[in-house]
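Written out below as structure tokens is the structure these notes cover.
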Amino acid sequence: MGEAFKSTMQTVWKAKGRIQFKEVGSNLFVIEFQHAVDLQKVMNGRPWTFDCNLLCLTTFDGHVAPKEITFSTESMWIQLHNIPLGAMTQDIGRLIGSNIGLVEDVDTDDDGIG
């Protein structure tokens, strides 16, 4: 999986700078980005998959052994349909989302309506 994963993700992520992959365990990689903007683009573009497998990504400062990092959650973008217009608000979005998991953000217009 190593070389195919590296090649595919470099193509998909379209980084402006170099991306360096270090395999540190079975299906465990440390990925270093030359430019912070590329890292931010990849993190903001989550979730990512490779070969029908979810990629769990996290940042770390290098002071922790990679095998000690827990990859138990990943951010997902959820879109809701067929909600009454009066319920398309920031508060209702958070309420519904909290039944699924941790709500990081609710995308609404400037007036708070989605």
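Chains: A, B, ... in order of the structure tokens. Residues: from 1 per chain. Ligands: from 1, in order shown.
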Give the helix (DSSP H, G or I) residues of chain A, as assigned by DSSP on the backbone, as a PyMOL selection string. chain A and resi 2-13+36-44+66-68+85-87+90-98
Could you save those same residues with C-alpha atoms as a compact mmCIF listing (two decimals), in the first residue's frame?
```txt
# COMPACT_ATOMS: atom_id res chain seq x y z
CA GLY A 2 2.88 2.39 0.73
CA GLU A 3 3.94 3.57 -2.73
CA ALA A 4 0.43 3.59 -4.21
CA PHE A 5 -0.82 5.57 -1.20
CA LYS A 6 1.99 8.13 -1.46
CA SER A 7 1.61 8.59 -5.20
CA THR A 8 -2.17 8.87 -5.07
CA MET A 9 -2.30 11.34 -2.19
CA GLN A 10 0.37 13.57 -3.71
CA THR A 11 -1.72 13.74 -6.87
CA VAL A 12 -5.02 14.32 -5.07
CA TRP A 13 -3.69 16.91 -2.61
CA ALA A 36 1.93 25.14 6.09
CA VAL A 37 -0.68 26.23 3.54
CA ASP A 38 -0.63 22.73 2.01
CA LEU A 39 -1.10 21.10 5.42
CA GLN A 40 -4.00 23.44 6.17
CA LYS A 41 -5.62 22.68 2.80
CA VAL A 42 -5.39 18.93 3.44
CA MET A 43 -6.74 19.22 7.00
CA ASN A 44 -9.59 21.49 5.90
CA PRO A 66 3.54 8.17 16.34
CA LYS A 67 2.35 4.81 17.69
CA GLU A 68 1.12 6.57 20.86
CA LEU A 85 -37.35 26.25 6.63
CA GLY A 86 -37.96 27.52 10.16
CA ALA A 87 -35.61 24.85 11.51
CA GLN A 90 -27.47 27.52 13.70
CA ASP A 91 -29.09 26.28 16.94
CA ILE A 92 -31.13 23.52 15.28
CA GLY A 93 -28.09 22.48 13.24
CA ARG A 94 -26.06 22.12 16.45
CA LEU A 95 -28.90 20.24 18.16
CA ILE A 96 -29.27 17.72 15.34
CA GLY A 97 -25.52 17.39 14.87
CA SER A 98 -24.92 16.77 18.57
```
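For the choices A:Thr70, A:Trp77, A:Gly114, A:Pro84, the atom-to-atom distance to Ile100 (chain A) is smallest for A:Trp77 when using only C-alpha atoms.
Rounded to one decimal, CA of Thr108 (chain A) and CA of Ser75 (chain A) lie 18.3 Å from each other.
Separating CA of Ile78 (chain A) from CA of Cys52 (chain A) is a distance of 18.6 Å.
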Per DSSP on the backbone, what are the strand (DSSP E) residues of region 17-112 of chain A, as a ChimeraX atom specification? /A:19-25,28-33,48-50,53-55
Selection from above, N, CA and C atoms, as a PDB file, in the first residue's frame, can you write it?
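Output contents, as saved in selection09.pdb:
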```
ATOM      1  N   ILE A  19       5.827  17.049  -0.323  1.00  0.00           N
ATOM      2  CA  ILE A  19       5.207  16.251   0.736  1.00  0.00           C
ATOM      3  C   ILE A  19       6.105  15.047   0.954  1.00  0.00           C
ATOM      4  N   GLN A  20       6.479  14.818   2.194  1.00  0.00           N
ATOM      5  CA  GLN A  20       7.341  13.678   2.511  1.00  0.00           C
ATOM      6  C   GLN A  20       6.557  12.688   3.370  1.00  0.00           C
ATOM      7  N   PHE A  21       6.539  11.433   2.940  1.00  0.00           N
ATOM      8  CA  PHE A  21       5.844  10.365   3.653  1.00  0.00           C
ATOM      9  C   PHE A  21       6.879   9.462   4.315  1.00  0.00           C
ATOM     10  N   LYS A  22       6.670   9.170   5.594  1.00  0.00           N
ATOM     11  CA  LYS A  22       7.519   8.208   6.299  1.00  0.00           C
ATOM     12  C   LYS A  22       6.610   7.137   6.885  1.00  0.00           C
ATOM     13  N   GLU A  23       6.785   5.908   6.444  1.00  0.00           N
ATOM     14  CA  GLU A  23       5.990   4.808   6.989  1.00  0.00           C
ATOM     15  C   GLU A  23       6.618   4.396   8.310  1.00  0.00           C
ATOM     16  N   VAL A  24       5.848   4.501   9.397  1.00  0.00           N
ATOM     17  CA  VAL A  24       6.382   4.213  10.732  1.00  0.00           C
ATOM     18  C   VAL A  24       5.706   3.013  11.384  1.00  0.00           C
ATOM     19  N   GLY A  25       4.817   2.360  10.671  1.00  0.00           N
ATOM     20  CA  GLY A  25       4.124   1.186  11.174  1.00  0.00           C
ATOM     21  C   GLY A  25       3.170   0.676  10.119  1.00  0.00           C
ATOM     22  N   LEU A  28       0.530   3.187   9.075  1.00  0.00           N
ATOM     23  CA  LEU A  28       0.778   4.372   9.891  1.00  0.00           C
ATOM     24  C   LEU A  28       1.901   5.183   9.250  1.00  0.00           C
ATOM     25  N   PHE A  29       1.585   6.423   8.909  1.00  0.00           N
ATOM     26  CA  PHE A  29       2.533   7.286   8.219  1.00  0.00           C
ATOM     27  C   PHE A  29       2.682   8.606   8.960  1.00  0.00           C
ATOM     28  N   VAL A  30       3.874   9.160   8.926  1.00  0.00           N
ATOM     29  CA  VAL A  30       4.098  10.553   9.284  1.00  0.00           C
ATOM     30  C   VAL A  30       4.228  11.284   7.952  1.00  0.00           C
ATOM     31  N   ILE A  31       3.424  12.313   7.781  1.00  0.00           N
ATOM     32  CA  ILE A  31       3.413  13.061   6.531  1.00  0.00           C
ATOM     33  C   ILE A  31       3.842  14.489   6.839  1.00  0.00           C
ATOM     34  N   GLU A  32       4.916  14.924   6.209  1.00  0.00           N
ATOM     35  CA  GLU A  32       5.433  16.274   6.428  1.00  0.00           C
ATOM     36  C   GLU A  32       5.206  17.117   5.180  1.00  0.00           C
ATOM     37  N   PHE A  33       4.695  18.308   5.396  1.00  0.00           N
ATOM     38  CA  PHE A  33       4.428  19.243   4.306  1.00  0.00           C
ATOM     39  C   PHE A  33       5.468  20.355   4.332  1.00  0.00           C
ATOM     40  N   TRP A  48     -10.730  12.342   3.961  1.00  0.00           N
ATOM     41  CA  TRP A  48     -10.054  11.770   2.797  1.00  0.00           C
ATOM     42  C   TRP A  48     -10.136  10.256   2.878  1.00  0.00           C
ATOM     43  N   THR A  49     -10.185   9.620   1.718  1.00  0.00           N
ATOM     44  CA  THR A  49     -10.152   8.156   1.672  1.00  0.00           C
ATOM     45  C   THR A  49      -9.093   7.712   0.678  1.00  0.00           C
ATOM     46  N   PHE A  50      -8.626   6.500   0.885  1.00  0.00           N
ATOM     47  CA  PHE A  50      -7.724   5.858  -0.064  1.00  0.00           C
ATOM     48  C   PHE A  50      -8.126   4.401  -0.149  1.00  0.00           C
ATOM     49  N   ASN A  53     -10.781   3.268   2.136  1.00  0.00           N
ATOM     50  CA  ASN A  53     -10.467   3.321   3.566  1.00  0.00           C
ATOM     51  C   ASN A  53     -10.378   4.777   4.006  1.00  0.00           C
ATOM     52  N   LEU A  54     -10.980   5.082   5.155  1.00  0.00           N
ATOM     53  CA  LEU A  54     -10.925   6.420   5.718  1.00  0.00           C
ATOM     54  C   LEU A  54      -9.515   6.719   6.214  1.00  0.00           C
ATOM     55  N   LEU A  55      -9.002   7.891   5.870  1.00  0.00           N
ATOM     56  CA  LEU A  55      -7.713   8.331   6.405  1.00  0.00           C
ATOM     57  C   LEU A  55      -7.980   9.155   7.654  1.00  0.00           C
TER      58      LEU A  55
END
```
